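Peer 1: This is structure-v6.cif, which holds mmCIF, C-alpha atoms:
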```cif
data_coords
#
loop_
_atom_site.label_atom_id
_atom_site.label_comp_id
_atom_site.auth_asym_id
_atom_site.auth_seq_id
_atom_site.Cartn_x
_atom_site.Cartn_y
_atom_site.Cartn_z
CA MET A 1 -13.69 6.08 -1.88
CA GLN A 2 -16.49 6.73 0.56
CA THR A 3 -15.42 8.97 3.44
CA GLY A 4 -18.78 9.57 5.05
CA THR A 5 -22.51 10.04 4.55
CA ARG A 6 -24.47 13.22 3.87
CA ILE A 7 -28.11 13.67 4.96
CA LEU A 8 -30.24 15.23 2.22
CA PRO A 9 -33.15 17.69 2.82
CA ASP A 10 -35.69 14.92 2.23
CA GLY A 11 -34.16 12.84 5.05
CA SER A 12 -32.48 10.31 2.76
CA SER A 13 -28.73 9.92 2.70
CA GLU A 14 -26.01 9.65 0.09
CA PRO A 15 -22.35 8.68 0.35
CA VAL A 16 -19.64 11.33 0.42
CA LEU A 17 -17.01 10.20 -2.05
CA VAL A 18 -13.40 11.37 -2.40
CA PRO A 19 -11.01 10.34 -5.18
CA MET A 20 -8.41 7.90 -3.82
CA LEU A 21 -5.59 10.22 -4.89
CA GLN A 22 -6.80 12.90 -2.48
CA LEU A 23 -5.87 10.63 0.44
CA PHE A 24 -2.17 10.85 -0.41
CA HIS A 25 0.34 13.57 0.46
CA PRO A 26 -0.07 16.39 -2.10
CA ILE A 27 3.66 16.62 -2.90
CA VAL A 28 4.89 13.04 -2.44
CA GLY A 29 1.83 11.46 -4.07
CA SER A 30 2.15 7.78 -4.78
CA HIS A 31 4.50 5.65 -6.85
CA TYR A 32 4.10 2.05 -7.86
CA VAL A 33 5.48 -0.97 -9.69
CA ASP A 34 3.12 -3.19 -11.66
CA LEU A 35 3.00 -6.76 -10.36
CA PRO A 36 1.55 -9.94 -11.86
CA ASN A 37 -2.18 -10.63 -11.43
CA ARG A 38 -3.14 -6.96 -11.88
CA MET A 39 -1.66 -5.98 -8.53
CA ILE A 40 0.73 -3.13 -7.75
CA LEU A 41 3.39 -2.47 -5.13
CA MET A 42 2.69 1.08 -3.98
CA MET A 43 4.70 3.55 -1.95
CA THR A 44 2.88 6.61 -0.67
CA SER A 45 2.74 9.06 2.20
CA PHE A 46 -0.34 10.35 3.99
CA ALA A 47 1.26 13.56 5.33
CA HIS A 48 0.73 12.33 8.90
CA ASP A 49 -3.02 12.18 8.30
CA GLU A 50 -4.14 9.06 10.13
CA ARG A 51 -7.72 9.31 8.87
CA SER A 52 -6.60 9.16 5.23
CA GLU A 53 -4.27 6.30 6.01
CA ASP A 54 -7.05 4.40 7.79
CA LEU A 55 -9.47 4.97 4.89
CA PHE A 56 -6.90 3.71 2.39
CA HIS A 57 -6.00 0.64 4.47
CA ALA A 58 -9.70 -0.18 4.92
CA HIS A 59 -10.17 -0.54 1.16
CA PRO A 60 -10.85 -4.25 0.45
CA GLU A 61 -8.15 -4.45 -2.26
CA VAL A 62 -5.35 -3.00 -0.10
CA ALA A 63 -2.94 -5.39 1.60
CA ILE A 64 -0.57 -3.86 4.15
CA LEU A 65 3.11 -4.77 4.33
CA PRO A 66 5.02 -4.82 7.64
CA HIS A 67 6.04 -1.45 9.05
CA PRO A 68 9.67 -0.79 8.10
CA THR A 69 10.64 0.50 11.54
CA SER A 70 9.21 -2.27 13.71
CA ASP A 71 9.19 -5.22 11.27
CA GLY A 72 11.48 -4.18 8.42
CA LYS A 73 13.41 -7.45 8.44
CA LYS A 74 10.44 -9.75 9.08
CA PRO A 75 10.35 -12.29 6.21
CA LEU A 76 7.39 -11.72 3.93
CA LYS A 77 6.44 -15.40 4.19
CA ASN A 78 5.94 -14.90 7.95
CA HIS A 79 3.63 -11.95 7.28
CA VAL A 80 1.09 -13.97 5.25
CA GLY A 81 -2.17 -14.20 7.17
CA THR A 82 -1.18 -11.73 9.90
CA SER A 83 -4.41 -10.40 11.39
CA GLY A 84 -5.44 -6.95 10.18
CA TYR A 85 -3.03 -6.72 7.26
CA LYS A 86 -4.97 -8.62 4.56
CA PHE A 87 -1.63 -9.86 3.17
CA GLU A 88 -2.33 -13.26 1.67
CA GLN A 89 -0.36 -15.85 -0.25
CA ARG A 90 -1.55 -14.33 -3.55
CA HIS A 91 0.13 -11.05 -2.59
CA LEU A 92 3.37 -12.82 -1.78
CA ASP A 93 3.12 -14.73 -5.08
CA ALA A 94 2.67 -11.46 -6.99
CA LEU A 95 5.76 -9.97 -5.33
CA THR A 96 7.94 -13.02 -5.87
CA GLY A 97 6.54 -13.50 -9.38
CA HIS A 98 7.93 -10.20 -10.67
CA ARG A 99 11.17 -11.24 -12.39
CA GLU A 100 12.88 -7.85 -12.34
CA LEU A 101 12.24 -7.28 -8.64
CA GLY A 102 13.84 -10.54 -7.60
CA ILE A 103 11.94 -10.63 -4.32
CA LEU A 104 12.26 -13.80 -2.25
CA GLU A 105 9.85 -15.14 0.35
CA THR A 106 12.58 -14.61 2.95
CA ASP A 107 13.02 -10.92 2.08
CA GLY A 108 11.74 -8.28 4.48
CA VAL A 109 9.99 -5.06 3.56
CA LEU A 110 13.33 -3.20 3.67
CA ASP A 111 14.66 -5.62 1.02
CA VAL A 112 11.49 -5.08 -1.03
CA ALA A 113 11.93 -1.30 -0.92
CA HIS A 114 15.58 -1.57 -1.94
CA LYS A 115 14.79 -3.89 -4.86
CA ALA A 116 11.80 -1.83 -5.98
CA SER A 117 13.81 1.41 -5.99
CA ALA A 118 16.19 -0.18 -8.52
CA ILE A 119 13.24 -0.36 -10.95
CA HIS A 120 11.40 2.81 -9.93
CA PRO A 121 13.62 5.33 -8.06
CA GLU A 122 10.65 7.01 -6.35
CA VAL A 123 9.52 3.78 -4.65
CA ARG A 124 11.58 4.22 -1.50
CA PHE A 125 10.97 4.83 2.17
CA ARG A 126 12.68 8.21 2.14
CA ASN A 127 9.63 9.46 0.21
CA ALA A 128 7.12 7.96 2.61
CA LEU A 129 8.42 8.44 6.14
#
```
If you convert what's in this file into structure tokens, what do you get?
Peer 2:
Amino acid sequence: MQTGTRILPDGSSEPVLVPMLQLFHPIVGSHYVDLPNRMILMMTSFAHDERSEDLFHAHPEVAILPHPTSDGKKPLKNHVGTSGYKFEQRHLDALTGHRELGILETDGVLDVAHKASAIHPEVRFRNAL
């Protein structure tokens, strides 16, 4: 992931790249559940590093779920198309299409975390907040 630009001695520039994993908390790391359509449901922590969080969220393939504190019970179907979150119908379809998760369109992100932790015990908010 590009985190900046470096000016070379000849005046040209090159991107400064950092592996995506270096954005995450060094102890908590990241945990995920594979979803249909080559997507994943990921739980991670950024160790209170807003720059790393912003870089990760700016990645074009990252859709952001509602914040568990302010919108934990907001139905996922109401989150589709919310400005700035890049959460589209295809993301909702991937979540609801995972048979073992049993996620419904009316579930909130707290329900998603609870259901995901039944499949992967490390996918839980306790590890991210």
Peer 1: Evaluate the PyMOL selection byres ((chain A and resi 53-68) around 7) against this structure - the residues, as a list of chain:residue names, please.
Peer 2: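 Applied to this file, the PyMOL selection byres ((chain A and resi 53-68) around 7) selects A:Phe46, A:Asp49, A:Glu50, A:Arg51, A:Ser52, A:Thr69, A:Ser70, A:Asp71, A:Gly72, A:Tyr85, A:Lys86, A:Phe87, A:Val109, A:Leu110.
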Peer 1: Of the residues A:Ile40, A:Val33, A:Lys74, A:Gly81, which is the one nearest to Pro121 of chain A, using all atoms listed in the file?
Peer 2: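 For Pro121 of chain A, the nearest of the given residues is A:Val33.
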Peer 1: Excluding Asp107 of chain A and its own-chain neighbours fewer than 4 positions away, which residues fall within 9 Å of it when counting all atoms listed in the file? Please give them as JSON, numbers by chain.
Peer 2: {"A": [73, 74, 75, 76, 77, 103, 111, 112]}
Peer 1: Output C-alpha atoms for every residue in the selection just made, as a compact mmCIF listing (two decimals), in the frame of the given file.
Peer 2:
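Written output follows (selection.txt):
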```
# COMPACT_ATOMS: atom_id res chain seq x y z
CA LYS A 73 13.41 -7.45 8.44
CA LYS A 74 10.44 -9.75 9.08
CA PRO A 75 10.35 -12.29 6.21
CA LEU A 76 7.39 -11.72 3.93
CA LYS A 77 6.44 -15.40 4.19
CA ILE A 103 11.94 -10.63 -4.32
CA ASP A 111 14.66 -5.62 1.02
CA VAL A 112 11.49 -5.08 -1.03
```
Peer 1: Translate the PyMOL selection byres ((chain A and resi 99) around 12), as applied to the file shown, into an explicit residue set as a ChimeraX atom specification.
Peer 2: /A:34-36,93-98,100-104,115-116,119
Peer 1: Keeping only C-alpha atoms, take the residues you just selected and write them out as a PDB file, in the frame of the given file.
Peer 2:
```
ATOM      1  CA  ASP A  34       3.120  -3.190 -11.660  1.00  0.00           C
ATOM      2  CA  LEU A  35       3.000  -6.760 -10.360  1.00  0.00           C
ATOM      3  CA  PRO A  36       1.550  -9.940 -11.860  1.00  0.00           C
ATOM      4  CA  ASP A  93       3.120 -14.730  -5.080  1.00  0.00           C
ATOM      5  CA  ALA A  94       2.670 -11.460  -6.990  1.00  0.00           C
ATOM      6  CA  LEU A  95       5.760  -9.970  -5.330  1.00  0.00           C
ATOM      7  CA  THR A  96       7.940 -13.020  -5.870  1.00  0.00           C
ATOM      8  CA  GLY A  97       6.540 -13.500  -9.380  1.00  0.00           C
ATOM      9  CA  HIS A  98       7.930 -10.200 -10.670  1.00  0.00           C
ATOM     10  CA  GLU A 100      12.880  -7.850 -12.340  1.00  0.00           C
ATOM     11  CA  LEU A 101      12.240  -7.280  -8.640  1.00  0.00           C
ATOM     12  CA  GLY A 102      13.840 -10.540  -7.600  1.00  0.00           C
ATOM     13  CA  ILE A 103      11.940 -10.630  -4.320  1.00  0.00           C
ATOM     14  CA  LEU A 104      12.260 -13.800  -2.250  1.00  0.00           C
ATOM     15  CA  LYS A 115      14.790  -3.890  -4.860  1.00  0.00           C
ATOM     16  CA  ALA A 116      11.800  -1.830  -5.980  1.00  0.00           C
ATOM     17  CA  ILE A 119      13.240  -0.360 -10.950  1.00  0.00           C
TER      18      ILE A 119
END
```
Peer 1: To one decimal place, how far is atom CA of Asn78 of chain A from atom CA of Thr106 of chain A in Å?
Peer 2: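 These atoms are spaced 8.3 Å apart.
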Peer 1: One decimal, Å: what's the distance from atom CA of Thr5 of chain A over to atom CA of Thr44 of chain A, could you say?
Peer 2: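 Separation between atom CA of Thr5 of chain A and atom CA of Thr44 of chain A: 26.1 Å.
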Peer 1: With distances taken over all atoms listed in the file, which residue among A:His120, A:Arg38, A:Arg6, A:His79 lies nearest Glu105 of chain A?
Peer 2: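 Closest candidate: A:His79.
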Peer 1: Calculate how many Å separate atom CA of Val80 of chain A from atom CA of Met39 of chain A, rounding to one decimal.
Peer 2: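 For atom CA of Val80 of chain A relative to atom CA of Met39 of chain A, the distance reads 16.2 Å.
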Peer 1: Can you work out which one of A:Gln89, A:Met42, A:Gly108, A:Ser13 has the shortest atom-to-atom distance to Glu122 of chain A, counting all atoms listed in the file?
Peer 2: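 With all atoms listed in the file as the atom set, the closest residue is A:Met42.
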Peer 1: Take the structure in the block and write a file for segment 86-119 of chain A, N, CA, C and O atoms, as a PDB file, in the first residue's frame.
Peer 2:
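Listing of result_13.pdb after writing:
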```
ATOM      1  N   LYS A  86     -18.394   2.783   1.262  1.00  0.00           N
ATOM      2  CA  LYS A  86     -18.167   1.883   0.127  1.00  0.00           C
ATOM      3  C   LYS A  86     -18.822   0.512   0.327  1.00  0.00           C
ATOM      4  O   LYS A  86     -18.392  -0.466  -0.244  1.00  0.00           O
ATOM      5  N   PHE A  87     -19.829   0.438   1.176  1.00  0.00           N
ATOM      6  CA  PHE A  87     -20.549  -0.814   1.427  1.00  0.00           C
ATOM      7  C   PHE A  87     -21.709  -0.892   0.454  1.00  0.00           C
ATOM      8  O   PHE A  87     -22.653  -0.108   0.528  1.00  0.00           O
ATOM      9  N   GLU A  88     -21.600  -1.824  -0.488  1.00  0.00           N
ATOM     10  CA  GLU A  88     -22.572  -1.938  -1.565  1.00  0.00           C
ATOM     11  C   GLU A  88     -23.379  -3.228  -1.427  1.00  0.00           C
ATOM     12  O   GLU A  88     -23.076  -4.076  -0.580  1.00  0.00           O
ATOM     13  N   GLN A  89     -24.365  -3.377  -2.288  1.00  0.00           N
ATOM     14  CA  GLN A  89     -25.212  -4.563  -2.249  1.00  0.00           C
ATOM     15  C   GLN A  89     -24.389  -5.846  -2.391  1.00  0.00           C
ATOM     16  O   GLN A  89     -24.677  -6.845  -1.746  1.00  0.00           O
ATOM     17  N   ARG A  90     -23.319  -5.813  -3.183  1.00  0.00           N
ATOM     18  CA  ARG A  90     -22.493  -7.016  -3.360  1.00  0.00           C
ATOM     19  C   ARG A  90     -21.819  -7.433  -2.055  1.00  0.00           C
ATOM     20  O   ARG A  90     -21.593  -8.610  -1.808  1.00  0.00           O
ATOM     21  N   HIS A  91     -21.515  -6.479  -1.193  1.00  0.00           N
ATOM     22  CA  HIS A  91     -20.943  -6.799   0.111  1.00  0.00           C
ATOM     23  C   HIS A  91     -21.995  -7.456   1.008  1.00  0.00           C
ATOM     24  O   HIS A  91     -21.716  -8.451   1.674  1.00  0.00           O
ATOM     25  N   LEU A  92     -23.181  -6.884   0.987  1.00  0.00           N
ATOM     26  CA  LEU A  92     -24.277  -7.471   1.763  1.00  0.00           C
ATOM     27  C   LEU A  92     -24.584  -8.874   1.252  1.00  0.00           C
ATOM     28  O   LEU A  92     -24.778  -9.804   2.048  1.00  0.00           O
ATOM     29  N   ASP A  93     -24.598  -9.054  -0.054  1.00  0.00           N
ATOM     30  CA  ASP A  93     -24.852 -10.384  -0.631  1.00  0.00           C
ATOM     31  C   ASP A  93     -23.791 -11.392  -0.217  1.00  0.00           C
ATOM     32  O   ASP A  93     -24.101 -12.562   0.051  1.00  0.00           O
ATOM     33  N   ALA A  94     -22.533 -10.962  -0.139  1.00  0.00           N
ATOM     34  CA  ALA A  94     -21.454 -11.866   0.285  1.00  0.00           C
ATOM     35  C   ALA A  94     -21.643 -12.266   1.746  1.00  0.00           C
ATOM     36  O   ALA A  94     -21.446 -13.439   2.103  1.00  0.00           O
ATOM     37  N   LEU A  95     -22.041 -11.321   2.592  1.00  0.00           N
ATOM     38  CA  LEU A  95     -22.274 -11.640   4.002  1.00  0.00           C
ATOM     39  C   LEU A  95     -23.459 -12.583   4.174  1.00  0.00           C
ATOM     40  O   LEU A  95     -23.368 -13.575   4.902  1.00  0.00           O
ATOM     41  N   THR A  96     -24.554 -12.272   3.514  1.00  0.00           N
ATOM     42  CA  THR A  96     -25.753 -13.110   3.669  1.00  0.00           C
ATOM     43  C   THR A  96     -25.632 -14.425   2.898  1.00  0.00           C
ATOM     44  O   THR A  96     -26.352 -15.370   3.178  1.00  0.00           O
ATOM     45  N   GLY A  97     -24.696 -14.488   1.966  1.00  0.00           N
ATOM     46  CA  GLY A  97     -24.507 -15.703   1.178  1.00  0.00           C
ATOM     47  C   GLY A  97     -23.641 -16.759   1.842  1.00  0.00           C
ATOM     48  O   GLY A  97     -23.515 -17.877   1.344  1.00  0.00           O
ATOM     49  N   HIS A  98     -23.042 -16.444   2.959  1.00  0.00           N
ATOM     50  CA  HIS A  98     -22.209 -17.403   3.692  1.00  0.00           C
ATOM     51  C   HIS A  98     -23.143 -18.239   4.572  1.00  0.00           C
ATOM     52  O   HIS A  98     -23.689 -17.750   5.563  1.00  0.00           O
ATOM     53  N   ARG A  99     -23.313 -19.494   4.228  1.00  0.00           N
ATOM     54  CA  ARG A  99     -24.293 -20.351   4.920  1.00  0.00           C
ATOM     55  C   ARG A  99     -24.013 -20.520   6.406  1.00  0.00           C
ATOM     56  O   ARG A  99     -24.926 -20.483   7.222  1.00  0.00           O
ATOM     57  N   GLU A 100     -22.753 -20.725   6.757  1.00  0.00           N
ATOM     58  CA  GLU A 100     -22.424 -20.968   8.169  1.00  0.00           C
ATOM     59  C   GLU A 100     -22.637 -19.733   9.039  1.00  0.00           C
ATOM     60  O   GLU A 100     -22.997 -19.856  10.212  1.00  0.00           O
ATOM     61  N   LEU A 101     -22.401 -18.552   8.489  1.00  0.00           N
ATOM     62  CA  LEU A 101     -22.585 -17.331   9.268  1.00  0.00           C
ATOM     63  C   LEU A 101     -24.052 -17.093   9.609  1.00  0.00           C
ATOM     64  O   LEU A 101     -24.374 -16.651  10.698  1.00  0.00           O
ATOM     65  N   GLY A 102     -24.923 -17.340   8.667  1.00  0.00           N
ATOM     66  CA  GLY A 102     -26.347 -17.133   8.912  1.00  0.00           C
ATOM     67  C   GLY A 102     -26.729 -15.675   9.088  1.00  0.00           C
ATOM     68  O   GLY A 102     -27.669 -15.342   9.802  1.00  0.00           O
ATOM     69  N   ILE A 103     -26.011 -14.796   8.437  1.00  0.00           N
ATOM     70  CA  ILE A 103     -26.279 -13.359   8.553  1.00  0.00           C
ATOM     71  C   ILE A 103     -27.504 -12.994   7.727  1.00  0.00           C
ATOM     72  O   ILE A 103     -27.665 -13.444   6.598  1.00  0.00           O
ATOM     73  N   LEU A 104     -28.356 -12.168   8.310  1.00  0.00           N
ATOM     74  CA  LEU A 104     -29.563 -11.674   7.649  1.00  0.00           C
ATOM     75  C   LEU A 104     -29.388 -10.198   7.300  1.00  0.00           C
ATOM     76  O   LEU A 104     -28.605  -9.494   7.945  1.00  0.00           O
ATOM     77  N   GLU A 105     -30.132  -9.732   6.328  1.00  0.00           N
ATOM     78  CA  GLU A 105     -30.074  -8.316   5.950  1.00  0.00           C
ATOM     79  C   GLU A 105     -30.471  -7.399   7.095  1.00  0.00           C
ATOM     80  O   GLU A 105     -30.064  -6.244   7.142  1.00  0.00           O
ATOM     81  N   THR A 106     -31.260  -7.912   8.022  1.00  0.00           N
ATOM     82  CA  THR A 106     -31.734  -7.115   9.152  1.00  0.00           C
ATOM     83  C   THR A 106     -30.786  -7.160  10.344  1.00  0.00           C
ATOM     84  O   THR A 106     -31.002  -6.454  11.326  1.00  0.00           O
ATOM     85  N   ASP A 107     -29.727  -7.962  10.262  1.00  0.00           N
ATOM     86  CA  ASP A 107     -28.729  -8.018  11.329  1.00  0.00           C
ATOM     87  C   ASP A 107     -27.916  -6.732  11.365  1.00  0.00           C
ATOM     88  O   ASP A 107     -27.673  -6.112  10.327  1.00  0.00           O
ATOM     89  N   GLY A 108     -27.466  -6.368  12.554  1.00  0.00           N
ATOM     90  CA  GLY A 108     -26.538  -5.253  12.715  1.00  0.00           C
ATOM     91  C   GLY A 108     -25.120  -5.785  12.831  1.00  0.00           C
ATOM     92  O   GLY A 108     -24.898  -7.001  12.908  1.00  0.00           O
ATOM     93  N   VAL A 109     -24.161  -4.887  12.898  1.00  0.00           N
ATOM     94  CA  VAL A 109     -22.761  -5.292  12.965  1.00  0.00           C
ATOM     95  C   VAL A 109     -22.469  -6.060  14.254  1.00  0.00           C
ATOM     96  O   VAL A 109     -21.598  -6.935  14.279  1.00  0.00           O
ATOM     97  N   LEU A 110     -23.195  -5.797  15.331  1.00  0.00           N
ATOM     98  CA  LEU A 110     -23.015  -6.573  16.563  1.00  0.00           C
ATOM     99  C   LEU A 110     -23.451  -8.019  16.348  1.00  0.00           C
ATOM    100  O   LEU A 110     -22.791  -8.953  16.833  1.00  0.00           O
ATOM    101  N   ASP A 111     -24.542  -8.219  15.604  1.00  0.00           N
ATOM    102  CA  ASP A 111     -24.980  -9.578  15.261  1.00  0.00           C
ATOM    103  C   ASP A 111     -23.938 -10.272  14.386  1.00  0.00           C
ATOM    104  O   ASP A 111     -23.640 -11.455  14.575  1.00  0.00           O
ATOM    105  N   VAL A 112     -23.387  -9.527  13.432  1.00  0.00           N
ATOM    106  CA  VAL A 112     -22.370 -10.079  12.531  1.00  0.00           C
ATOM    107  C   VAL A 112     -21.164 -10.553  13.342  1.00  0.00           C
ATOM    108  O   VAL A 112     -20.658 -11.657  13.137  1.00  0.00           O
ATOM    109  N   ALA A 113     -20.706  -9.735  14.269  1.00  0.00           N
ATOM    110  CA  ALA A 113     -19.545 -10.101  15.083  1.00  0.00           C
ATOM    111  C   ALA A 113     -19.833 -11.349  15.916  1.00  0.00           C
ATOM    112  O   ALA A 113     -18.985 -12.243  16.021  1.00  0.00           O
ATOM    113  N   HIS A 114     -21.016 -11.412  16.494  1.00  0.00           N
ATOM    114  CA  HIS A 114     -21.394 -12.574  17.299  1.00  0.00           C
ATOM    115  C   HIS A 114     -21.421 -13.839  16.444  1.00  0.00           C
ATOM    116  O   HIS A 114     -20.880 -14.879  16.831  1.00  0.00           O
ATOM    117  N   LYS A 115     -22.024 -13.763  15.276  1.00  0.00           N
ATOM    118  CA  LYS A 115     -22.124 -14.926  14.391  1.00  0.00           C
ATOM    119  C   LYS A 115     -20.758 -15.322  13.840  1.00  0.00           C
ATOM    120  O   LYS A 115     -20.444 -16.504  13.710  1.00  0.00           O
ATOM    121  N   ALA A 116     -19.934 -14.346  13.518  1.00  0.00           N
ATOM    122  CA  ALA A 116     -18.604 -14.642  12.984  1.00  0.00           C
ATOM    123  C   ALA A 116     -17.715 -15.283  14.047  1.00  0.00           C
ATOM    124  O   ALA A 116     -16.918 -16.176  13.734  1.00  0.00           O
ATOM    125  N   SER A 117     -17.848 -14.874  15.294  1.00  0.00           N
ATOM    126  CA  SER A 117     -17.008 -15.441  16.351  1.00  0.00           C
ATOM    127  C   SER A 117     -17.337 -16.907  16.613  1.00  0.00           C
ATOM    128  O   SER A 117     -16.502 -17.638  17.134  1.00  0.00           O
ATOM    129  N   ALA A 118     -18.530 -17.344  16.213  1.00  0.00           N
ATOM    130  CA  ALA A 118     -18.880 -18.764  16.351  1.00  0.00           C
ATOM    131  C   ALA A 118     -18.081 -19.618  15.360  1.00  0.00           C
ATOM    132  O   ALA A 118     -17.832 -20.796  15.611  1.00  0.00           O
ATOM    133  N   ILE A 119     -17.660 -19.019  14.255  1.00  0.00           N
ATOM    134  CA  ILE A 119     -16.869 -19.725  13.237  1.00  0.00           C
ATOM    135  C   ILE A 119     -15.381 -19.523  13.492  1.00  0.00           C
ATOM    136  O   ILE A 119     -14.584 -20.446  13.354  1.00  0.00           O
TER     137      ILE A 119
END
```
